>>> print(open('start.txt').read())   # compact mmCIF, C-alpha atoms and all ligand atoms
# COMPACT_ATOMS: atom_id res chain seq x y z
CA MET A 3 8.62 5.10 -25.43
CA PRO A 4 9.81 3.32 -22.24
CA PRO A 5 7.33 2.64 -19.45
CA PHE A 6 6.96 5.12 -16.59
CA GLU A 7 9.57 4.75 -13.87
CA ARG A 8 7.19 6.00 -11.21
CA HIS A 9 3.53 6.63 -10.87
CA VAL A 10 2.23 9.12 -8.30
CA PHE A 11 -1.40 9.05 -7.24
CA VAL A 12 -2.80 12.12 -5.54
CA CYS A 13 -6.16 11.61 -3.85
CA HIS A 14 -8.70 14.13 -5.04
CA ASN A 15 -11.72 12.65 -3.36
CA PHE A 16 -14.35 14.88 -1.81
CA ARG A 17 -17.23 13.95 0.44
CA PRO A 18 -19.98 16.32 1.44
CA GLY A 19 -20.25 17.58 5.01
CA GLY A 20 -21.45 15.03 7.55
CA ALA A 21 -19.77 12.11 5.79
CA PRO A 22 -18.40 9.45 8.14
CA ARG A 23 -14.85 9.83 6.84
CA PRO A 24 -12.81 12.93 5.94
CA SER A 25 -11.85 13.94 2.40
CA CYS A 26 -8.48 14.77 0.90
CA THR A 27 -9.76 17.86 -0.91
CA ILE A 28 -12.22 20.64 -0.31
CA GLU A 29 -14.91 20.36 -2.96
CA GLY A 30 -12.54 18.36 -5.17
CA LYS A 31 -10.07 21.24 -5.42
CA SER A 32 -6.42 21.16 -4.41
CA ASP A 33 -3.23 22.75 -5.69
CA LEU A 34 -1.19 19.69 -4.74
CA HIS A 35 -1.63 17.73 -7.97
CA ALA A 36 -0.92 20.75 -10.18
CA ARG A 37 2.15 21.65 -8.14
CA LEU A 38 3.53 18.10 -8.33
CA GLN A 39 2.94 18.06 -12.09
CA GLN A 40 4.62 21.41 -12.61
CA LEU A 41 7.69 20.57 -10.50
CA THR A 42 8.02 17.12 -12.08
CA LYS A 43 8.03 18.69 -15.52
CA GLU A 44 10.54 21.35 -14.42
CA ALA A 45 12.79 18.56 -13.06
CA GLY A 46 12.88 16.98 -16.52
CA LEU A 47 10.87 13.93 -15.49
CA ALA A 48 7.98 14.37 -17.92
CA GLY A 49 7.39 11.03 -19.65
CA ARG A 50 9.27 9.17 -16.89
CA VAL A 51 7.07 10.00 -13.90
CA ARG A 52 3.31 10.18 -14.16
CA ILE A 53 1.31 12.31 -11.71
CA ASN A 54 -2.36 11.32 -11.56
CA LYS A 55 -5.38 12.51 -9.63
CA SER A 56 -7.06 9.55 -8.01
CA GLY A 57 -10.25 8.69 -6.26
CA CYS A 58 -10.23 7.71 -2.60
CA LEU A 59 -7.14 5.69 -1.67
CA ASP A 60 -8.85 4.48 1.53
CA GLN A 61 -6.38 6.23 3.83
CA CYS A 62 -8.73 9.16 4.42
CA GLU A 63 -7.88 9.80 8.08
CA HIS A 64 -4.28 10.49 7.00
CA GLY A 65 -5.05 12.79 4.10
CA PRO A 66 -4.37 14.52 1.95
CA THR A 67 -2.91 11.25 0.72
CA VAL A 68 -0.29 10.57 -1.95
CA VAL A 69 1.22 7.22 -2.92
CA VAL A 70 4.27 6.64 -5.11
CA TYR A 71 4.72 3.40 -7.04
CA PRO A 72 6.54 1.12 -7.64
CA GLU A 73 7.97 1.66 -4.14
CA ALA A 74 4.50 1.92 -2.55
CA VAL A 75 5.57 4.85 -0.41
CA TRP A 76 2.55 6.41 1.28
CA TYR A 77 2.53 10.05 2.26
CA GLY A 78 -0.05 11.62 4.53
CA GLY A 79 -1.06 15.13 5.49
CA VAL A 80 0.54 16.38 2.29
CA LYS A 81 0.23 20.11 1.58
CA PRO A 82 0.92 21.84 -1.74
CA GLU A 83 4.10 23.29 -0.24
CA ASP A 84 5.36 19.72 0.34
CA ALA A 85 5.41 19.05 -3.41
CA GLU A 86 8.90 20.49 -3.75
CA ALA A 87 10.37 17.99 -1.27
CA ILE A 88 8.55 15.04 -2.85
CA VAL A 89 9.85 15.92 -6.30
CA ALA A 90 13.41 16.89 -5.32
CA GLU A 91 14.05 14.23 -2.69
CA HIS A 92 11.96 11.29 -3.86
CA LEU A 93 11.30 11.58 -7.58
CA VAL A 94 14.69 13.06 -8.49
CA ALA A 95 17.05 11.74 -5.80
CA GLY A 96 15.21 8.50 -5.01
CA ARG A 97 14.94 9.08 -1.25
CA PRO A 98 11.42 9.08 0.20
CA VAL A 99 10.58 12.13 2.31
CA GLU A 100 10.54 10.54 5.75
CA ARG A 101 8.77 13.42 7.50
CA LEU A 102 5.74 12.97 5.23
CA ARG A 103 5.48 9.18 5.34
CA MET A 104 2.48 7.59 7.00
CA ASP A 105 3.31 5.41 9.96
CA HIS A 106 3.84 1.90 8.62
CA GLY A 107 1.20 0.50 10.98
CA CYS A 108 -1.40 2.95 9.64
CA VAL A 109 -1.17 2.05 5.96
CA ASN A 110 -4.20 0.01 4.97
CA ALA A 111 -4.97 -0.77 8.62
CA LYS A 112 -8.57 -1.34 9.70
CA SER A 113 -7.79 0.62 12.85
CA CYS A 114 -4.93 2.82 13.96
CA PRO A 115 -4.52 5.77 16.32
CA HIS A 116 -5.92 8.07 13.60
CA ARG A 117 -8.89 5.94 12.61
CA GLY A 118 -11.78 5.24 14.91
S1 LIG B 201 -10.52 10.64 0.62
FE1 LIG B 201 -8.40 10.61 0.18
S2 LIG B 201 -7.78 8.66 0.83
FE2 LIG B 201 -9.92 8.64 1.09
>>> encode(input="start.txt", output="structure tokens")
Amino acid sequence: MPPFERHVFVCHNFRPGGAPRPSCTIEGKSDLHARLQQLTKEAGLAGRVRINKSGCLDQCEHGPTVVVYPEAVWYGGVKPEDAEAIVAEHLVAGRPVERLRMDHGCVNAKSCPHRG
């Protein structure tokens, strides 16, 4: 079997109330991962694109966070209803969804307008 063409990590981290940083899910639950998996399968990409739940991706202030490799395209503020665009435009057509991309200066930055 050939290697995966793309790997999609969907942050599923949850922190209890009062934590110093926000979480990408509420109590570890989100429909985003399941929706991405379902649409990827329906698009015929099963076995070519892997959709994984991940722990914290350290971009918490921009969450819910998704990253697509090998392009290293970071998406922020992703809602379950955005899954359709990510699958159709990025995973099928190869064009990242610009409206969902994190600002370049925010990715892995120690400080940015969203992070204190
Ligand atoms: S909790 Fe999702 S990136 Fe940190």
>>> closest_atom_pairs(input="start.txt", of="chain A", to="ligand LIG 201 (chain B)", cutoff="10 Å", atoms="all atoms listed in the file", output="tab-separated table")
residue	atom	partner	partner_atom	distance
A:Val12	CA	B:LIG201	FE1	8.1
A:Cys13	CA	B:LIG201	FE1	4.7
A:His14	CA	B:LIG201	FE1	6.3
A:Asn15	CA	B:LIG201	S1	4.6
A:Phe16	CA	B:LIG201	S1	6.2
A:Arg17	CA	B:LIG201	S1	7.5
A:Arg23	CA	B:LIG201	S1	7.6
A:Pro24	CA	B:LIG201	S1	6.2
A:Ser25	CA	B:LIG201	S1	4.0
A:Cys26	CA	B:LIG201	FE1	4.2
A:Thr27	CA	B:LIG201	S1	7.4
A:Gly30	CA	B:LIG201	S1	9.9
A:Ser56	CA	B:LIG201	FE1	8.4
A:Gly57	CA	B:LIG201	FE1	7.0
A:Cys58	CA	B:LIG201	FE2	3.8
A:Leu59	CA	B:LIG201	S2	3.9
A:Asp60	CA	B:LIG201	FE2	4.3
A:Gln61	CA	B:LIG201	S2	4.1
A:Cys62	CA	B:LIG201	FE2	3.6
A:Glu63	CA	B:LIG201	S2	7.3
A:His64	CA	B:LIG201	S2	7.3
A:Gly65	CA	B:LIG201	FE1	5.6
A:Pro66	CA	B:LIG201	FE1	5.9
A:Thr67	CA	B:LIG201	S2	5.5
A:Val68	CA	B:LIG201	S2	8.2
A:Val69	CA	B:LIG201	S2	9.9
A:Gly78	CA	B:LIG201	S2	9.1
>>> residues_around(input="start.txt", residues="range 44-49 of chain A", least_positions_apart="3", cutoff="9 Å", atoms="all atoms listed in the file", output="number ranges by chain")
A: 3-7, 39-41, 52, 89-90, 93-94
>>> atom_distance(input="start.txt", atom1="CA of Pro98 in chain A", atom2="CA of Tyr77 in chain A")
9.2 Å
>>> atom_distance(input="start.txt", atom1="CA of Asp84 in chain A", atom2="CA of Ser32 in chain A")
12.8 Å
>>> atom_distance(input="start.txt", atom1="CA of Ile53 in chain A", atom2="CA of Val10 in chain A")
4.8 Å
>>> closest_residue(input="start.txt", among="A:Gly19, A:Arg50, A:Lys55, A:Ala85", to="Arg37 in chain A", atoms="all atoms listed in the file")
A:Ala85
>>> closest_residue(input="start.txt", among="A:Ala87, A:Leu34, A:Arg117, A:Arg8", to="Arg101 in chain A", atoms="all atoms listed in the file")
A:Ala87
>>> closest_residue(input="start.txt", among="A:Cys114, A:Val80, A:Val51, A:Glu86", to="Leu102 in chain A", atoms="all atoms listed in the file")
A:Val80
>>> closest_residue(input="start.txt", among="A:Met104, A:Ile28, A:Ala36, A:Ala95", to="Glu83 in chain A", atoms="all atoms listed in the file")
A:Ala36
>>> closest_residue(input="start.txt", among="A:Val75, A:Gly20, A:Asn54, A:Asp105", to="His92 in chain A", atoms="only C-alpha atoms")
A:Val75
>>> decode(input="start.txt", residues="range 78-115 of chain A", atoms="N, CA and C atoms", output="PDB file, in the first residue's frame")
ATOM      1  N   GLY A  78      -7.433  27.730  11.433  1.00  0.00           N
ATOM      2  CA  GLY A  78      -7.871  28.114  12.771  1.00  0.00           C
ATOM      3  C   GLY A  78      -9.345  28.475  12.787  1.00  0.00           C
ATOM      4  N   GLY A  79      -9.932  28.366  13.963  1.00  0.00           N
ATOM      5  CA  GLY A  79     -11.348  28.680  14.122  1.00  0.00           C
ATOM      6  C   GLY A  79     -12.218  27.769  13.275  1.00  0.00           C
ATOM      7  N   VAL A  80     -11.809  26.516  13.138  1.00  0.00           N
ATOM      8  CA  VAL A  80     -12.500  25.598  12.225  1.00  0.00           C
ATOM      9  C   VAL A  80     -13.748  25.010  12.894  1.00  0.00           C
ATOM     10  N   LYS A  81     -14.856  25.123  12.207  1.00  0.00           N
ATOM     11  CA  LYS A  81     -16.132  24.578  12.696  1.00  0.00           C
ATOM     12  C   LYS A  81     -16.468  23.310  11.893  1.00  0.00           C
ATOM     13  N   PRO A  82     -17.307  22.440  12.468  1.00  0.00           N
ATOM     14  CA  PRO A  82     -17.682  21.232  11.723  1.00  0.00           C
ATOM     15  C   PRO A  82     -18.204  21.539  10.318  1.00  0.00           C
ATOM     16  N   GLU A  83     -18.922  22.649  10.181  1.00  0.00           N
ATOM     17  CA  GLU A  83     -19.473  22.986   8.859  1.00  0.00           C
ATOM     18  C   GLU A  83     -18.386  23.427   7.860  1.00  0.00           C
ATOM     19  N   ASP A  84     -17.170  23.660   8.340  1.00  0.00           N
ATOM     20  CA  ASP A  84     -16.060  23.993   7.437  1.00  0.00           C
ATOM     21  C   ASP A  84     -15.419  22.743   6.830  1.00  0.00           C
ATOM     22  N   ALA A  85     -15.769  21.582   7.345  1.00  0.00           N
ATOM     23  CA  ALA A  85     -15.138  20.337   6.882  1.00  0.00           C
ATOM     24  C   ALA A  85     -15.347  20.134   5.385  1.00  0.00           C
ATOM     25  N   GLU A  86     -16.522  20.503   4.895  1.00  0.00           N
ATOM     26  CA  GLU A  86     -16.820  20.311   3.477  1.00  0.00           C
ATOM     27  C   GLU A  86     -15.829  21.077   2.596  1.00  0.00           C
ATOM     28  N   ALA A  87     -15.542  22.321   2.959  1.00  0.00           N
ATOM     29  CA  ALA A  87     -14.611  23.133   2.164  1.00  0.00           C
ATOM     30  C   ALA A  87     -13.199  22.563   2.247  1.00  0.00           C
ATOM     31  N   ILE A  88     -12.785  22.127   3.425  1.00  0.00           N
ATOM     32  CA  ILE A  88     -11.429  21.579   3.570  1.00  0.00           C
ATOM     33  C   ILE A  88     -11.271  20.331   2.704  1.00  0.00           C
ATOM     34  N   VAL A  89     -12.266  19.478   2.710  1.00  0.00           N
ATOM     35  CA  VAL A  89     -12.171  18.250   1.912  1.00  0.00           C
ATOM     36  C   VAL A  89     -12.247  18.575   0.417  1.00  0.00           C
ATOM     37  N   ALA A  90     -13.274  19.325   0.017  1.00  0.00           N
ATOM     38  CA  ALA A  90     -13.477  19.571  -1.427  1.00  0.00           C
ATOM     39  C   ALA A  90     -12.365  20.431  -2.017  1.00  0.00           C
ATOM     40  N   GLU A  91     -12.007  21.504  -1.315  1.00  0.00           N
ATOM     41  CA  GLU A  91     -11.061  22.456  -1.909  1.00  0.00           C
ATOM     42  C   GLU A  91      -9.604  22.049  -1.691  1.00  0.00           C
ATOM     43  N   HIS A  92      -9.292  21.577  -0.491  1.00  0.00           N
ATOM     44  CA  HIS A  92      -7.898  21.277  -0.194  1.00  0.00           C
ATOM     45  C   HIS A  92      -7.558  19.819  -0.502  1.00  0.00           C
ATOM     46  N   LEU A  93      -8.276  18.896   0.128  1.00  0.00           N
ATOM     47  CA  LEU A  93      -7.881  17.490   0.016  1.00  0.00           C
ATOM     48  C   LEU A  93      -8.169  16.908  -1.361  1.00  0.00           C
ATOM     49  N   VAL A  94      -9.225  17.381  -2.005  1.00  0.00           N
ATOM     50  CA  VAL A  94      -9.544  16.880  -3.350  1.00  0.00           C
ATOM     51  C   VAL A  94      -8.873  17.743  -4.426  1.00  0.00           C
ATOM     52  N   ALA A  95      -9.084  19.052  -4.360  1.00  0.00           N
ATOM     53  CA  ALA A  95      -8.605  19.932  -5.437  1.00  0.00           C
ATOM     54  C   ALA A  95      -7.191  20.459  -5.206  1.00  0.00           C
ATOM     55  N   GLY A  96      -6.673  20.318  -3.996  1.00  0.00           N
ATOM     56  CA  GLY A  96      -5.292  20.739  -3.740  1.00  0.00           C
ATOM     57  C   GLY A  96      -5.099  22.220  -3.499  1.00  0.00           C
ATOM     58  N   ARG A  97      -6.207  22.940  -3.239  1.00  0.00           N
ATOM     59  CA  ARG A  97      -6.099  24.382  -2.970  1.00  0.00           C
ATOM     60  C   ARG A  97      -6.500  24.655  -1.529  1.00  0.00           C
ATOM     61  N   PRO A  98      -5.565  25.095  -0.687  1.00  0.00           N
ATOM     62  CA  PRO A  98      -5.930  25.404   0.700  1.00  0.00           C
ATOM     63  C   PRO A  98      -7.091  26.400   0.769  1.00  0.00           C
ATOM     64  N   VAL A  99      -7.880  26.278   1.808  1.00  0.00           N
ATOM     65  CA  VAL A  99      -9.042  27.151   1.999  1.00  0.00           C
ATOM     66  C   VAL A  99      -8.549  28.439   2.673  1.00  0.00           C
ATOM     67  N   GLU A 100      -8.343  29.456   1.870  1.00  0.00           N
ATOM     68  CA  GLU A 100      -7.692  30.677   2.369  1.00  0.00           C
ATOM     69  C   GLU A 100      -8.449  31.315   3.521  1.00  0.00           C
ATOM     70  N   ARG A 101      -9.766  31.293   3.477  1.00  0.00           N
ATOM     71  CA  ARG A 101     -10.542  31.973   4.527  1.00  0.00           C
ATOM     72  C   ARG A 101     -10.357  31.330   5.900  1.00  0.00           C
ATOM     73  N   LEU A 102      -9.874  30.094   5.939  1.00  0.00           N
ATOM     74  CA  LEU A 102      -9.710  29.397   7.219  1.00  0.00           C
ATOM     75  C   LEU A 102      -8.256  29.381   7.691  1.00  0.00           C
ATOM     76  N   ARG A 103      -7.349  29.849   6.856  1.00  0.00           N
ATOM     77  CA  ARG A 103      -5.927  29.772   7.226  1.00  0.00           C
ATOM     78  C   ARG A 103      -5.601  30.743   8.351  1.00  0.00           C
ATOM     79  N   MET A 104      -4.751  30.283   9.260  1.00  0.00           N
ATOM     80  CA  MET A 104      -4.229  31.179  10.295  1.00  0.00           C
ATOM     81  C   MET A 104      -3.316  32.192   9.629  1.00  0.00           C
ATOM     82  N   ASP A 105      -3.278  33.385  10.189  1.00  0.00           N
ATOM     83  CA  ASP A 105      -2.320  34.372   9.699  1.00  0.00           C
ATOM     84  C   ASP A 105      -0.927  33.771   9.818  1.00  0.00           C
ATOM     85  N   HIS A 106      -0.122  33.979   8.788  1.00  0.00           N
ATOM     86  CA  HIS A 106       1.215  33.385   8.772  1.00  0.00           C
ATOM     87  C   HIS A 106       2.016  33.785  10.015  1.00  0.00           C
ATOM     88  N   GLY A 107       1.891  35.037  10.425  1.00  0.00           N
ATOM     89  CA  GLY A 107       2.654  35.511  11.576  1.00  0.00           C
ATOM     90  C   GLY A 107       2.190  34.931  12.898  1.00  0.00           C
ATOM     91  N   CYS A 108       1.046  34.266  12.908  1.00  0.00           N
ATOM     92  CA  CYS A 108       0.505  33.689  14.149  1.00  0.00           C
ATOM     93  C   CYS A 108       0.980  32.253  14.367  1.00  0.00           C
ATOM     94  N   VAL A 109       1.313  31.553  13.278  1.00  0.00           N
ATOM     95  CA  VAL A 109       1.638  30.134  13.407  1.00  0.00           C
ATOM     96  C   VAL A 109       2.937  29.960  14.179  1.00  0.00           C
ATOM     97  N   ASN A 110       2.823  29.277  15.283  1.00  0.00           N
ATOM     98  CA  ASN A 110       3.969  28.957  16.139  1.00  0.00           C
ATOM     99  C   ASN A 110       4.692  30.197  16.650  1.00  0.00           C
ATOM    100  N   ALA A 111       3.957  31.303  16.792  1.00  0.00           N
ATOM    101  CA  ALA A 111       4.555  32.532  17.307  1.00  0.00           C
ATOM    102  C   ALA A 111       4.385  32.597  18.824  1.00  0.00           C
ATOM    103  N   LYS A 112       5.398  33.083  19.504  1.00  0.00           N
ATOM    104  CA  LYS A 112       5.317  33.222  20.967  1.00  0.00           C
ATOM    105  C   LYS A 112       4.281  34.274  21.341  1.00  0.00           C
ATOM    106  N   SER A 113       4.141  35.273  20.490  1.00  0.00           N
ATOM    107  CA  SER A 113       3.092  36.274  20.719  1.00  0.00           C
ATOM    108  C   SER A 113       2.543  36.697  19.371  1.00  0.00           C
ATOM    109  N   CYS A 114       1.279  37.037  19.373  1.00  0.00           N
ATOM    110  CA  CYS A 114       0.610  37.552  18.179  1.00  0.00           C
ATOM    111  C   CYS A 114      -0.616  38.300  18.681  1.00  0.00           C
ATOM    112  N   PRO A 115      -1.359  38.942  17.791  1.00  0.00           N
ATOM    113  CA  PRO A 115      -2.517  39.707  18.270  1.00  0.00           C
ATOM    114  C   PRO A 115      -3.546  38.871  19.019  1.00  0.00           C
TER     115      PRO A 115
END
